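entry-v5.txt (compact mmCIF, C-alpha atoms) appears below.
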```txt
# COMPACT_ATOMS: atom_id res chain seq x y z
CA MET T 1 102.17 -85.02 204.03
CA SER T 2 103.41 -81.64 205.19
CA ARG T 3 101.07 -78.69 205.32
CA PRO T 4 103.49 -75.72 205.25
CA ASP T 5 100.77 -73.39 203.98
CA THR T 6 99.12 -73.54 207.41
CA ASP T 7 102.20 -72.82 209.49
CA HIS T 8 101.25 -69.18 209.92
CA LEU T 9 97.85 -70.24 211.30
CA LEU T 10 99.21 -72.29 214.19
CA LEU T 11 97.15 -70.39 216.73
CA PRO T 12 93.71 -68.78 216.38
CA ASP T 13 93.94 -65.13 217.38
CA ALA T 14 91.18 -63.32 219.28
CA GLU T 15 92.40 -60.09 217.66
CA ALA T 16 92.57 -61.49 214.12
CA ASP T 17 89.75 -59.25 212.89
CA VAL T 18 91.56 -56.05 213.85
CA ARG T 19 94.74 -54.11 213.19
CA PRO T 20 96.69 -52.20 215.84
CA SER T 21 96.44 -48.46 216.12
CA PRO T 22 99.80 -46.59 215.94
CA GLN T 23 99.74 -46.29 219.72
CA GLY T 24 99.00 -49.99 220.07
CA ALA T 25 101.83 -50.95 217.72
CA ALA T 26 104.28 -48.78 219.68
CA ALA T 27 103.12 -50.35 222.93
CA ARG T 28 103.71 -53.83 221.56
CA ARG T 29 107.25 -52.96 220.51
CA ALA T 30 107.95 -51.64 223.98
CA LEU T 31 106.48 -54.76 225.56
CA LEU T 32 108.52 -57.12 223.38
CA ALA T 33 111.67 -55.30 224.50
CA HIS T 34 111.15 -57.20 227.77
CA PRO T 35 110.72 -60.82 226.55
CA VAL T 36 111.73 -62.38 229.88
CA VAL T 37 108.96 -60.52 231.70
CA LEU T 38 106.49 -61.61 229.02
CA LEU T 39 107.66 -65.24 229.10
CA VAL T 40 107.38 -65.45 232.90
CA GLY T 41 103.93 -63.94 232.70
CA ILE T 42 102.81 -66.49 230.10
CA VAL T 43 104.11 -69.42 232.16
CA LEU T 44 102.52 -68.27 235.42
CA ALA T 45 99.22 -67.45 233.73
CA SER T 46 99.22 -70.86 232.03
CA LEU T 47 99.76 -72.61 235.36
CA ASN T 48 96.38 -71.21 236.40
CA MET T 49 94.41 -72.35 233.33
CA ARG T 50 93.40 -75.72 234.81
CA ALA T 51 94.57 -75.51 238.41
CA ALA T 52 91.34 -74.15 239.88
CA LEU T 53 89.37 -76.93 238.16
CA ALA T 54 91.72 -79.80 239.00
CA SER T 55 91.98 -78.78 242.67
CA VAL T 56 88.31 -79.53 243.34
CA SER T 57 87.99 -83.09 242.06
CA PRO T 58 89.98 -84.89 244.80
CA LEU T 59 87.96 -83.00 247.44
CA VAL T 60 84.44 -83.43 246.02
CA SER T 61 83.41 -85.96 248.67
CA ASP T 62 84.42 -83.66 251.54
CA ILE T 63 82.73 -80.67 249.91
CA SER T 64 79.56 -82.72 249.46
CA GLN T 65 79.58 -83.87 253.07
CA SER T 66 80.21 -80.34 254.33
CA PHE T 67 77.09 -78.98 252.62
CA GLY T 68 75.03 -82.20 252.49
CA LEU T 69 74.98 -82.26 248.70
CA SER T 70 73.60 -85.06 246.55
CA SER T 71 75.65 -86.52 243.69
CA THR T 72 73.76 -84.33 241.23
CA ALA T 73 74.34 -81.19 243.29
CA SER T 74 77.99 -82.15 243.75
CA SER T 75 78.43 -82.42 240.00
CA LEU T 76 77.42 -78.77 239.69
CA VAL T 77 80.59 -77.85 241.57
CA THR T 78 82.53 -78.85 238.45
CA SER T 79 79.79 -78.33 235.84
CA VAL T 80 79.15 -74.65 236.62
CA PRO T 81 82.74 -73.52 235.86
CA VAL T 82 82.74 -75.54 232.61
CA LEU T 83 79.42 -73.96 231.59
CA PHE T 84 80.95 -70.52 232.00
CA LEU T 85 84.01 -71.58 230.02
CA GLY T 86 81.62 -71.55 227.08
CA LEU T 87 79.75 -68.39 228.01
CA GLY T 88 82.97 -66.52 228.81
CA ALA T 89 84.39 -67.45 225.42
CA LEU T 90 81.63 -65.37 223.83
CA VAL T 91 82.87 -62.08 225.30
CA ALA T 92 86.64 -62.71 225.31
CA PRO T 93 87.32 -61.61 221.69
CA TRP T 94 85.29 -58.42 222.15
CA LEU T 95 87.18 -57.57 225.34
CA ALA T 96 90.51 -58.19 223.59
CA ARG T 97 89.58 -55.88 220.73
CA ARG T 98 88.24 -53.21 223.07
CA PHE T 99 90.95 -53.14 225.74
CA GLY T 100 93.87 -55.25 224.46
CA SER T 101 95.00 -58.67 225.61
CA GLU T 102 97.30 -57.60 228.45
CA PRO T 103 94.73 -55.68 230.52
CA VAL T 104 92.08 -58.37 229.98
CA LEU T 105 94.49 -61.12 231.04
CA LEU T 106 95.34 -59.16 234.17
CA PHE T 107 91.63 -58.79 234.92
CA ALA T 108 91.08 -62.52 234.31
CA LEU T 109 93.80 -63.50 236.79
CA LEU T 110 92.42 -61.17 239.46
CA LEU T 111 88.90 -62.47 238.79
CA LEU T 112 90.22 -66.02 239.13
CA ALA T 113 91.78 -65.25 242.52
CA VAL T 114 88.53 -63.69 243.73
CA GLY T 115 86.49 -66.61 242.40
CA ILE T 116 88.66 -69.16 244.22
CA LEU T 117 88.20 -67.29 247.51
CA VAL T 118 84.46 -66.82 247.02
CA ARG T 119 84.13 -70.54 246.33
CA VAL T 120 85.34 -71.48 249.83
CA ALA T 121 82.96 -69.16 251.70
CA PRO T 122 80.63 -71.10 254.05
CA SER T 123 77.62 -71.13 251.74
CA PRO T 124 76.46 -73.34 248.86
CA VAL T 125 75.51 -70.17 246.99
CA ALA T 126 79.09 -68.93 247.30
CA LEU T 127 80.38 -72.35 246.25
CA TYR T 128 78.51 -72.15 242.95
CA GLY T 129 78.91 -68.37 242.56
CA GLY T 130 82.66 -68.73 242.93
CA GLY T 131 82.51 -71.40 240.23
CA VAL T 132 80.88 -68.88 237.90
CA LEU T 133 83.76 -66.45 238.46
CA VAL T 134 86.39 -69.18 238.11
CA GLY T 135 84.89 -70.46 234.85
CA THR T 136 84.59 -66.97 233.37
CA ALA T 137 88.19 -66.13 234.27
CA ILE T 138 89.58 -69.35 232.79
CA ALA T 139 87.49 -68.79 229.64
CA LEU T 140 89.23 -65.45 229.12
CA LEU T 141 92.63 -67.10 229.59
CA ASN T 142 91.71 -69.98 227.24
CA VAL T 143 90.71 -67.68 224.40
CA LEU T 144 93.30 -64.91 224.77
CA MET T 145 96.49 -66.84 225.53
CA PRO T 146 96.86 -68.55 222.10
CA GLY T 147 96.19 -65.28 220.29
CA LEU T 148 98.69 -63.38 222.41
CA ILE T 149 101.37 -65.98 221.65
CA LYS T 150 100.60 -65.88 217.95
CA ARG T 151 100.70 -62.08 217.99
CA ASP T 152 103.93 -61.60 219.95
CA PHE T 153 105.89 -64.73 218.94
CA PRO T 154 104.90 -65.32 215.30
CA ASP T 155 108.21 -67.02 214.47
CA LYS T 156 108.20 -69.20 217.59
CA ALA T 157 104.51 -70.04 217.82
CA ALA T 158 105.01 -73.81 217.95
CA SER T 159 107.66 -73.75 220.69
CA MET T 160 105.75 -71.16 222.72
CA THR T 161 102.61 -73.25 222.38
CA SER T 162 104.53 -76.15 223.91
CA VAL T 163 105.61 -73.89 226.77
CA TYR T 164 102.13 -72.67 227.57
CA THR T 165 100.37 -76.04 227.17
CA GLY T 166 103.09 -77.73 229.22
CA ALA T 167 102.69 -75.16 231.99
CA MET T 168 98.92 -75.55 231.88
CA ILE T 169 99.13 -79.32 232.34
CA ALA T 170 101.86 -78.95 234.97
CA GLY T 171 99.57 -76.67 236.97
CA ALA T 172 96.76 -79.21 236.86
CA THR T 173 99.13 -82.03 237.84
CA LEU T 174 100.56 -80.07 240.76
CA VAL T 175 97.23 -79.18 242.31
CA ALA T 176 95.68 -82.61 241.71
CA ALA T 177 98.53 -84.27 243.59
CA SER T 178 98.59 -81.63 246.34
CA SER T 179 94.91 -81.11 247.17
CA VAL T 180 94.48 -83.95 249.67
CA PRO T 181 97.93 -83.52 251.33
CA LEU T 182 97.23 -79.80 251.71
CA GLU T 183 93.85 -80.55 253.24
CA LYS T 184 95.57 -82.76 255.81
CA ALA T 185 98.28 -80.17 256.42
CA PHE T 186 95.58 -77.55 257.14
CA GLY T 187 93.90 -79.79 259.72
CA GLY T 188 91.30 -81.32 257.43
CA SER T 189 90.17 -78.02 255.91
CA TRP T 190 89.17 -78.44 252.28
CA GLU T 191 88.49 -74.71 252.23
CA ALA T 192 92.12 -73.87 252.96
CA SER T 193 93.33 -76.45 250.45
CA LEU T 194 91.32 -74.75 247.69
CA ALA T 195 91.97 -71.17 248.83
CA VAL T 196 95.75 -71.51 248.72
CA TRP T 197 95.67 -71.61 244.92
CA SER T 198 94.38 -68.04 244.83
CA LEU T 199 97.97 -67.09 245.66
CA LEU T 200 99.12 -68.61 242.38
CA ALA T 201 96.62 -66.44 240.49
CA VAL T 202 97.73 -63.33 242.40
CA LEU T 203 101.38 -64.10 241.65
CA ALA T 204 100.59 -64.41 237.95
CA ALA T 205 98.64 -61.13 238.05
CA VAL T 206 101.64 -59.37 239.58
CA THR T 207 103.79 -60.49 236.64
CA TRP T 208 101.22 -59.13 234.17
CA LEU T 209 100.95 -55.73 235.85
CA PRO T 210 104.31 -54.44 234.49
CA GLN T 211 103.26 -55.46 230.99
CA VAL T 212 100.06 -53.46 231.25
CA LEU T 213 101.98 -50.48 232.63
CA ILE T 214 104.57 -50.72 229.85
CA ALA T 215 101.83 -50.78 227.24
CA ARG T 216 100.22 -47.68 228.77
CA GLY T 217 103.23 -45.77 230.02
CA ARG T 218 105.29 -45.77 226.84
CA THR T 219 102.44 -44.39 224.73
CA GLY T 220 100.01 -42.73 227.09
CA HIS T 221 97.29 -44.95 225.63
CA GLU T 222 95.81 -48.34 226.34
CA VAL T 223 96.51 -51.03 223.78
CA ARG T 224 93.37 -50.68 221.73
CA MET T 225 92.56 -51.91 218.29
CA ALA T 226 90.92 -50.37 215.24
CA SER T 227 88.51 -52.63 213.39
CA ALA T 228 89.50 -53.97 210.01
CA ARG T 229 86.48 -53.43 207.78
CA PRO T 230 85.66 -55.57 204.75
CA GLY T 231 86.70 -53.84 201.57
CA SER T 232 89.14 -51.52 203.37
CA GLY T 233 92.18 -53.54 202.31
CA THR T 234 92.95 -54.55 205.90
CA GLY T 235 91.48 -58.04 205.77
CA PRO T 236 88.99 -60.33 204.06
CA ALA T 237 85.27 -60.17 204.54
CA ALA T 238 83.82 -62.21 207.38
CA LYS T 239 82.84 -65.82 206.70
CA SER T 240 79.83 -67.27 208.48
CA VAL T 241 81.21 -70.38 210.17
CA TRP T 242 77.86 -70.97 211.87
CA ARG T 243 76.35 -72.00 208.52
CA SER T 244 79.11 -74.46 207.65
CA ALA T 245 78.54 -78.20 208.15
CA LEU T 246 82.30 -78.73 208.44
CA ALA T 247 82.54 -76.07 211.15
CA TRP T 248 79.82 -77.83 213.13
CA GLN T 249 81.64 -81.16 212.75
CA VAL T 250 84.85 -79.64 214.14
CA THR T 251 82.86 -77.96 216.92
CA LEU T 252 81.05 -81.14 217.91
CA PHE T 253 84.31 -83.08 218.08
CA MET T 254 85.74 -80.33 220.29
CA GLY T 255 82.68 -80.51 222.53
CA LEU T 256 82.50 -84.29 222.80
CA GLN T 257 86.19 -84.70 223.63
CA SER T 258 85.83 -81.90 226.20
CA LEU T 259 82.82 -83.70 227.68
CA TRP T 260 84.68 -86.95 228.30
CA SER T 261 87.62 -85.04 229.79
CA TYR T 262 85.51 -82.99 232.20
CA VAL T 263 83.69 -86.11 233.38
CA LEU T 264 87.11 -87.41 234.41
CA ILE T 265 88.12 -84.09 235.97
CA ALA T 266 84.92 -84.16 238.02
CA TRP T 267 84.68 -87.82 238.95
CA MET T 268 87.87 -89.84 238.41
CA PRO T 269 89.07 -89.69 242.05
CA THR T 270 85.52 -90.43 243.26
CA ILE T 271 85.27 -93.48 240.99
CA PHE T 272 88.45 -94.82 242.60
CA THR T 273 87.47 -94.02 246.20
CA ASP T 274 84.00 -95.51 245.72
CA HIS T 275 85.77 -98.78 244.90
CA GLY T 276 87.87 -98.69 248.07
CA MET T 277 90.97 -96.71 247.10
CA SER T 278 92.32 -94.13 249.55
CA ARG T 279 91.76 -90.48 248.68
CA SER T 280 95.50 -89.76 248.67
CA THR T 281 96.23 -92.54 246.17
CA ALA T 282 93.27 -91.51 244.03
CA GLY T 283 94.60 -87.94 243.96
CA VAL T 284 98.05 -89.07 242.88
CA ILE T 285 96.65 -91.26 240.08
CA PHE T 286 94.47 -88.35 238.97
CA ALA T 287 97.61 -86.18 238.89
CA PHE T 288 99.37 -88.84 236.82
CA ASN T 289 96.46 -88.78 234.37
CA ASN T 290 96.93 -85.03 233.96
CA LEU T 291 100.69 -85.33 233.58
CA ILE T 292 100.61 -88.06 230.93
CA GLN T 293 98.37 -85.88 228.77
CA VAL T 294 101.50 -83.96 227.78
CA ALA T 295 102.61 -86.91 225.62
CA GLY T 296 99.44 -86.99 223.55
CA ALA T 297 99.08 -83.21 223.38
CA PHE T 298 102.63 -82.92 222.03
CA ALA T 299 102.77 -85.83 219.58
CA VAL T 300 99.32 -85.85 217.98
CA PRO T 301 99.30 -82.25 216.64
CA LEU T 302 102.73 -82.84 215.09
CA LEU T 303 101.41 -85.90 213.28
CA ALA T 304 98.17 -84.13 212.31
CA GLY T 305 100.06 -81.32 210.58
CA ARG T 306 101.78 -83.84 208.32
CA MET T 307 98.56 -85.48 207.14
CA ARG T 308 95.98 -84.33 204.63
CA SER T 309 93.33 -86.34 206.45
CA GLN T 310 93.50 -86.84 210.21
CA ARG T 311 91.10 -89.79 210.25
CA PRO T 312 93.67 -92.32 211.56
CA LEU T 313 94.34 -90.00 214.51
CA ILE T 314 90.61 -89.66 215.20
CA VAL T 315 90.38 -93.46 215.42
CA LEU T 316 93.49 -93.61 217.63
CA VAL T 317 92.51 -91.04 220.26
CA THR T 318 88.88 -92.09 220.55
CA SER T 319 89.91 -95.76 220.84
CA LEU T 320 92.37 -94.94 223.63
CA VAL T 321 89.77 -92.99 225.57
CA ALA T 322 87.15 -95.68 225.07
CA ALA T 323 89.60 -98.38 226.22
CA GLY T 324 90.47 -96.36 229.32
CA TYR T 325 86.84 -95.82 230.25
CA ALA T 326 86.08 -99.50 229.68
CA GLY T 327 88.93 -100.31 232.04
CA LEU T 328 87.42 -98.05 234.70
CA MET T 329 84.22 -100.04 234.35
CA ILE T 330 85.80 -103.49 234.50
CA ALA T 331 88.78 -103.16 236.90
CA PRO T 332 88.90 -99.61 238.32
CA VAL T 333 91.33 -100.27 241.18
CA SER T 334 93.60 -103.10 240.02
CA GLY T 335 94.22 -101.40 236.67
CA ALA T 336 93.98 -97.80 237.86
CA TRP T 337 97.46 -96.70 236.79
CA LEU T 338 97.10 -98.32 233.36
CA TRP T 339 93.69 -96.79 232.70
CA ALA T 340 94.87 -93.38 233.89
CA GLY T 341 97.80 -93.56 231.46
CA VAL T 342 95.75 -94.76 228.49
CA LEU T 343 93.12 -92.11 229.16
CA GLY T 344 95.77 -89.42 229.58
CA ILE T 345 97.38 -90.11 226.21
CA GLY T 346 93.96 -90.22 224.57
CA GLN T 347 92.73 -87.06 226.31
CA GLY T 348 95.86 -85.07 225.51
CA GLY T 349 95.89 -86.30 221.93
CA ALA T 350 92.20 -85.51 221.47
CA VAL T 351 92.39 -81.93 222.70
CA GLY T 352 95.55 -81.34 220.66
CA LEU T 353 93.86 -82.80 217.59
CA ALA T 354 90.70 -80.75 218.13
CA LEU T 355 92.69 -77.51 218.35
CA THR T 356 94.83 -78.45 215.36
CA MET T 357 91.79 -79.22 213.22
CA ILE T 358 90.45 -75.74 213.91
CA VAL T 359 93.54 -74.46 212.11
CA LEU T 360 93.70 -77.09 209.37
CA ARG T 361 90.02 -76.75 208.49
CA SER T 362 90.29 -72.92 208.25
CA GLY T 363 91.28 -71.18 205.04
CA ASP T 364 92.67 -68.05 206.70
CA ALA T 365 93.48 -66.51 210.09
CA GLN T 366 90.14 -64.72 210.37
CA THR T 367 88.20 -67.93 209.77
CA ALA T 368 90.44 -69.72 212.29
CA ALA T 369 89.61 -67.10 214.92
CA ARG T 370 85.87 -67.37 214.29
CA LEU T 371 85.92 -71.16 214.21
CA SER T 372 87.92 -71.18 217.45
CA GLY T 373 85.32 -68.97 219.12
CA MET T 374 82.48 -71.15 217.85
CA ALA T 375 84.20 -74.40 218.87
CA GLN T 376 85.08 -73.17 222.36
CA THR T 377 81.69 -71.62 223.03
CA VAL T 378 79.53 -74.52 221.85
CA GLY T 379 82.10 -77.11 222.89
CA TYR T 380 82.31 -76.02 226.53
CA LEU T 381 78.54 -75.58 226.79
CA LEU T 382 78.22 -79.19 225.60
CA ALA T 383 81.01 -80.33 227.91
CA ALA T 384 79.25 -78.82 230.94
CA VAL T 385 76.51 -81.43 230.52
CA GLY T 386 78.96 -84.27 231.14
CA PRO T 387 79.79 -83.96 234.86
CA LEU T 388 76.19 -83.06 235.72
CA ALA T 389 74.71 -85.99 233.78
CA ALA T 390 77.27 -88.44 235.15
CA GLY T 391 76.53 -87.34 238.71
CA ALA T 392 72.77 -87.56 238.21
CA VAL T 393 72.94 -91.05 236.68
CA HIS T 394 75.32 -92.18 239.43
CA GLN T 395 72.88 -90.94 242.05
CA ALA T 396 69.96 -92.67 240.33
CA THR T 397 71.72 -96.02 239.81
CA GLY T 398 74.04 -96.11 242.82
CA GLY T 399 77.05 -97.09 240.73
CA TRP T 400 79.38 -96.04 237.93
CA THR T 401 78.65 -98.72 235.32
CA ILE T 402 75.85 -96.90 233.52
CA PRO T 403 77.51 -93.44 233.64
CA ILE T 404 80.67 -94.92 232.12
CA ALA T 405 78.63 -96.80 229.50
CA LEU T 406 77.04 -93.50 228.50
CA VAL T 407 80.49 -91.93 228.09
CA LEU T 408 81.43 -94.85 225.84
CA GLY T 409 78.47 -93.75 223.73
CA VAL T 410 79.98 -90.27 223.64
CA CYS T 411 83.22 -91.82 222.37
CA ALA T 412 81.31 -93.50 219.56
CA ALA T 413 79.64 -90.21 218.64
CA ALA T 414 83.00 -88.41 218.71
CA LEU T 415 84.45 -91.04 216.39
CA ALA T 416 81.60 -90.61 213.91
CA VAL T 417 81.64 -86.82 213.82
CA GLY T 418 85.44 -86.71 213.97
CA LEU T 419 85.78 -88.81 210.82
CA PHE T 420 83.80 -86.12 208.98
CA ALA T 421 85.74 -83.25 210.61
CA ALA T 422 89.09 -84.83 209.70
CA ARG T 423 88.53 -84.72 205.93
CA ASP T 424 90.93 -82.60 203.87
CA ARG T 425 88.57 -79.65 203.41
CA THR T 426 88.36 -76.08 204.64
CA VAL T 427 85.52 -73.95 205.92
```
As structure tokens:
Amino acid sequence: MSRPDTDHLLLPDAEADVRPSPQGAAARRALLAHPVVLLVGIVLASLNMRAALASVSPLVSDISQSFGLSSTASSLVTSVPVLFLGLGALVAPWLARRFGSEPVLLFALLLLAVGILVRVAPSPVALYGGGVLVGTAIALLNVLMPGLIKRDFPDKAASMTSVYTGAMIAGATLVAASSVPLEKAFGGSWEASLAVWSLLAVLAAVTWLPQVLIARGRTGHEVRMASARPGSGTGPAAKSVWRSALAWQVTLFMGLQSLWSYVLIAWMPTIFTDHGMSRSTAGVIFAFNNLIQVAGAFAVPLLAGRMRSQRPLIVLVTSLVAAGYAGLMIAPVSGAWLWAGVLGIGQGGAVGLALTMIVLRSGDAQTAARLSGMAQTVGYLLAAVGPLAAGAVHQATGGWTIPIALVLGVCAAALAVGLFAARDRTV
């Protein structure tokens, strides 16, 4: 059944608690007079939202050999950025309210470029320190991009969401497929293969610079916001999502589906190569897994918006992911393409469903923004456990059977909590 009453809540907004100052409103009008510049900026920024994470996975074995890392230590290469996806989500809304989305996005892209370069310095400390910067930068992009689209394209939110999510997945697909070939092209240097993607972040930052200058130059002020206070007539009083059982159910589903996805981001190519597949083929299959996520991410939210209860979709996406993981356990090489496709549809559908339920379970835009912040913060902190735990169990057992079995347990937990989160209720 259609849910037209939620159409205006398509995207949680980091600035939902505030109203623009007169200077800020004038700056926005000036910025929207250049929609092509804004659109290019959104696409290039979105390309960076998973690229720096996906570029590492096909090269984990070489990075580990270079520094003599154990499986547990290697898992930190991917776990540390995910951990800071959660921690960075805590400060993103405050930064957006204090400085405006455009300057913070510019800062995030520059921070991402720096983090990528720091990560390839010849030191394990730099490897992990760069991961901290990369995770923080991507957290800012994750939180601010949906709100910026909702703010500046309120009548085209759905189509613009497709543009930015499609670009995000395209970026991950591109780098996953290119990491190993680039390493070979640079004479076996994994450092150069990773560092080259800093150029993509710099290019995106260049496209955001005119937007920041437009916002400042037309008004003489930064785009800053004035707080909307309860009782002032500018917005409803704050709701405490942290005390809501339903909010925690939505948050846990977000976290558990993120966990199973980041285990794959960290270890899918390694699972294949440990069973005899070449690194180049493993990288291409990993890229295919990223690409096929577009199908699930596009279709599932559309279906979810037409249902009062999303329980059938919870069963569908968790079953697909569980089937894909079971396939990796039973026949990882002979069925690699099939499992990558099944997992991709399930992964894309799950993240799309998790984000959609944030909106559908929220009674207003302010609650949606707060629930989004809670779900991303707690969800990514929970997800960071996945790659680290999988690596530690792999190191302890010498195989992937038990780590995959544990992820199947995560799928069961996600199914249970998701069935509660999918009920037709609001926070």
Open item on the list: My list of candidates is T:Val114, T:Val315, T:Val134, T:Met374. Which is closest to Leu415 of chain T when distances are computed with only C-alpha atoms?
Closed with: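 Looking at the shortest contact to Leu415 of chain T, the residue is T:Val315.
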Open item on the list: Under the rule that only C-alpha atoms are counted, which of T:Ala350, T:Val175, T:Leu382, T:Leu38 is the nearest residue to Ala295 of chain T?
Closed with: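 Selected residue with least distance to Ala295 of chain T: T:Ala350.
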- [ ] Figure out the distance between atom CA of Leu39 of chain T and atom CA of Gly88 of chain T, please, to one decimal in Å.
- [x]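 Pair atom CA of Gly88 of chain T / atom CA of Leu39 of chain T returns 24.7 Å.
Those residues that approach Gly129 of chain T to within 8 Å, counting all atoms listed in the file, are Gly115, Val118 and Arg119 of chain T; same-chain residues fewer than 6 positions away are not listed.
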- [ ] Enter the distance from atom CA of Ala121 of chain T to atom CA of Ser66 of chain T, in Å, rounded to one decimal.
- [x]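 So the answer is 11.8 Å.
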TODO: Would you list the contacts of Phe298 of chain T as a VMD selection string, taking every protein, DNA or RNA residue within 8 Å and counting all atoms listed in the file, but skipping same-chain residues closer than 6 positions in sequence?
DONE: chain T and resid 162 348 to 349 352
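Closest approach to Leu360 of chain T among T:Leu338, T:Leu246, T:Leu194, T:Val206 is made by T:Leu246 (distances from all atoms listed in the file).
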Rebuild N, CA, C and O atoms on segment 159-174 of chain T, as a PDB file, keeping the file's coordinate frame?
```pdb
ATOM      1  N   SER T 159     106.931 -73.527 219.451  1.00  0.00           N
ATOM      2  CA  SER T 159     107.660 -73.750 220.690  1.00  0.00           C
ATOM      3  C   SER T 159     106.980 -73.055 221.872  1.00  0.00           C
ATOM      4  O   SER T 159     106.909 -73.599 222.973  1.00  0.00           O
ATOM      5  N   MET T 160     106.445 -71.865 221.645  1.00  0.00           N
ATOM      6  CA  MET T 160     105.750 -71.160 222.720  1.00  0.00           C
ATOM      7  C   MET T 160     104.434 -71.849 223.072  1.00  0.00           C
ATOM      8  O   MET T 160     104.004 -71.830 224.236  1.00  0.00           O
ATOM      9  N   THR T 161     103.817 -72.480 222.087  1.00  0.00           N
ATOM     10  CA  THR T 161     102.610 -73.250 222.380  1.00  0.00           C
ATOM     11  C   THR T 161     102.949 -74.422 223.288  1.00  0.00           C
ATOM     12  O   THR T 161     102.198 -74.745 224.222  1.00  0.00           O
ATOM     13  N   SER T 162     104.091 -75.059 223.044  1.00  0.00           N
ATOM     14  CA  SER T 162     104.530 -76.150 223.910  1.00  0.00           C
ATOM     15  C   SER T 162     104.769 -75.652 225.326  1.00  0.00           C
ATOM     16  O   SER T 162     104.440 -76.332 226.308  1.00  0.00           O
ATOM     17  N   VAL T 163     105.342 -74.463 225.447  1.00  0.00           N
ATOM     18  CA  VAL T 163     105.610 -73.890 226.770  1.00  0.00           C
ATOM     19  C   VAL T 163     104.303 -73.656 227.519  1.00  0.00           C
ATOM     20  O   VAL T 163     104.159 -74.052 228.688  1.00  0.00           O
ATOM     21  N   TYR T 164     103.348 -73.026 226.835  1.00  0.00           N
ATOM     22  CA  TYR T 164     102.130 -72.670 227.570  1.00  0.00           C
ATOM     23  C   TYR T 164     101.242 -73.894 227.851  1.00  0.00           C
ATOM     24  O   TYR T 164     100.654 -74.019 228.933  1.00  0.00           O
ATOM     25  N   THR T 165     101.161 -74.840 226.904  1.00  0.00           N
ATOM     26  CA  THR T 165     100.370 -76.040 227.170  1.00  0.00           C
ATOM     27  C   THR T 165     101.034 -76.908 228.236  1.00  0.00           C
ATOM     28  O   THR T 165     100.363 -77.502 229.080  1.00  0.00           O
ATOM     29  N   GLY T 166     102.378 -76.983 228.190  1.00  0.00           N
ATOM     30  CA  GLY T 166     103.090 -77.730 229.220  1.00  0.00           C
ATOM     31  C   GLY T 166     102.883 -77.144 230.597  1.00  0.00           C
ATOM     32  O   GLY T 166     102.669 -77.874 231.584  1.00  0.00           O
ATOM     33  N   ALA T 167     102.928 -75.823 230.705  1.00  0.00           N
ATOM     34  CA  ALA T 167     102.690 -75.160 231.990  1.00  0.00           C
ATOM     35  C   ALA T 167     101.263 -75.377 232.461  1.00  0.00           C
ATOM     36  O   ALA T 167     101.008 -75.583 233.656  1.00  0.00           O
ATOM     37  N   MET T 168     100.317 -75.339 231.534  1.00  0.00           N
ATOM     38  CA  MET T 168      98.920 -75.550 231.880  1.00  0.00           C
ATOM     39  C   MET T 168      98.708 -76.941 232.483  1.00  0.00           C
ATOM     40  O   MET T 168      98.058 -77.097 233.529  1.00  0.00           O
ATOM     41  N   ILE T 169      99.279 -77.956 231.844  1.00  0.00           N
ATOM     42  CA  ILE T 169      99.130 -79.320 232.340  1.00  0.00           C
ATOM     43  C   ILE T 169      99.917 -79.506 233.635  1.00  0.00           C
ATOM     44  O   ILE T 169      99.472 -80.200 234.556  1.00  0.00           O
ATOM     45  N   ALA T 170     101.080 -78.867 233.738  1.00  0.00           N
ATOM     46  CA  ALA T 170     101.860 -78.950 234.970  1.00  0.00           C
ATOM     47  C   ALA T 170     101.082 -78.366 236.145  1.00  0.00           C
ATOM     48  O   ALA T 170     101.115 -78.913 237.261  1.00  0.00           O
ATOM     49  N   GLY T 171     100.379 -77.264 235.913  1.00  0.00           N
ATOM     50  CA  GLY T 171      99.570 -76.670 236.970  1.00  0.00           C
ATOM     51  C   GLY T 171      98.490 -77.621 237.444  1.00  0.00           C
ATOM     52  O   GLY T 171      98.260 -77.786 238.652  1.00  0.00           O
ATOM     53  N   ALA T 172      97.808 -78.264 236.500  1.00  0.00           N
ATOM     54  CA  ALA T 172      96.760 -79.210 236.860  1.00  0.00           C
ATOM     55  C   ALA T 172      97.334 -80.405 237.615  1.00  0.00           C
ATOM     56  O   ALA T 172      96.743 -80.889 238.596  1.00  0.00           O
ATOM     57  N   THR T 173      98.489 -80.889 237.166  1.00  0.00           N
ATOM     58  CA  THR T 173      99.130 -82.030 237.840  1.00  0.00           C
ATOM     59  C   THR T 173      99.520 -81.680 239.257  1.00  0.00           C
ATOM     60  O   THR T 173      99.294 -82.455 240.205  1.00  0.00           O
ATOM     61  N   LEU T 174     100.109 -80.508 239.439  1.00  0.00           N
ATOM     62  CA  LEU T 174     100.560 -80.070 240.760  1.00  0.00           C
ATOM     63  C   LEU T 174      99.394 -80.002 241.745  1.00  0.00           C
ATOM     64  O   LEU T 174      99.473 -80.548 242.855  1.00  0.00           O
TER      65      LEU T 174
END
```
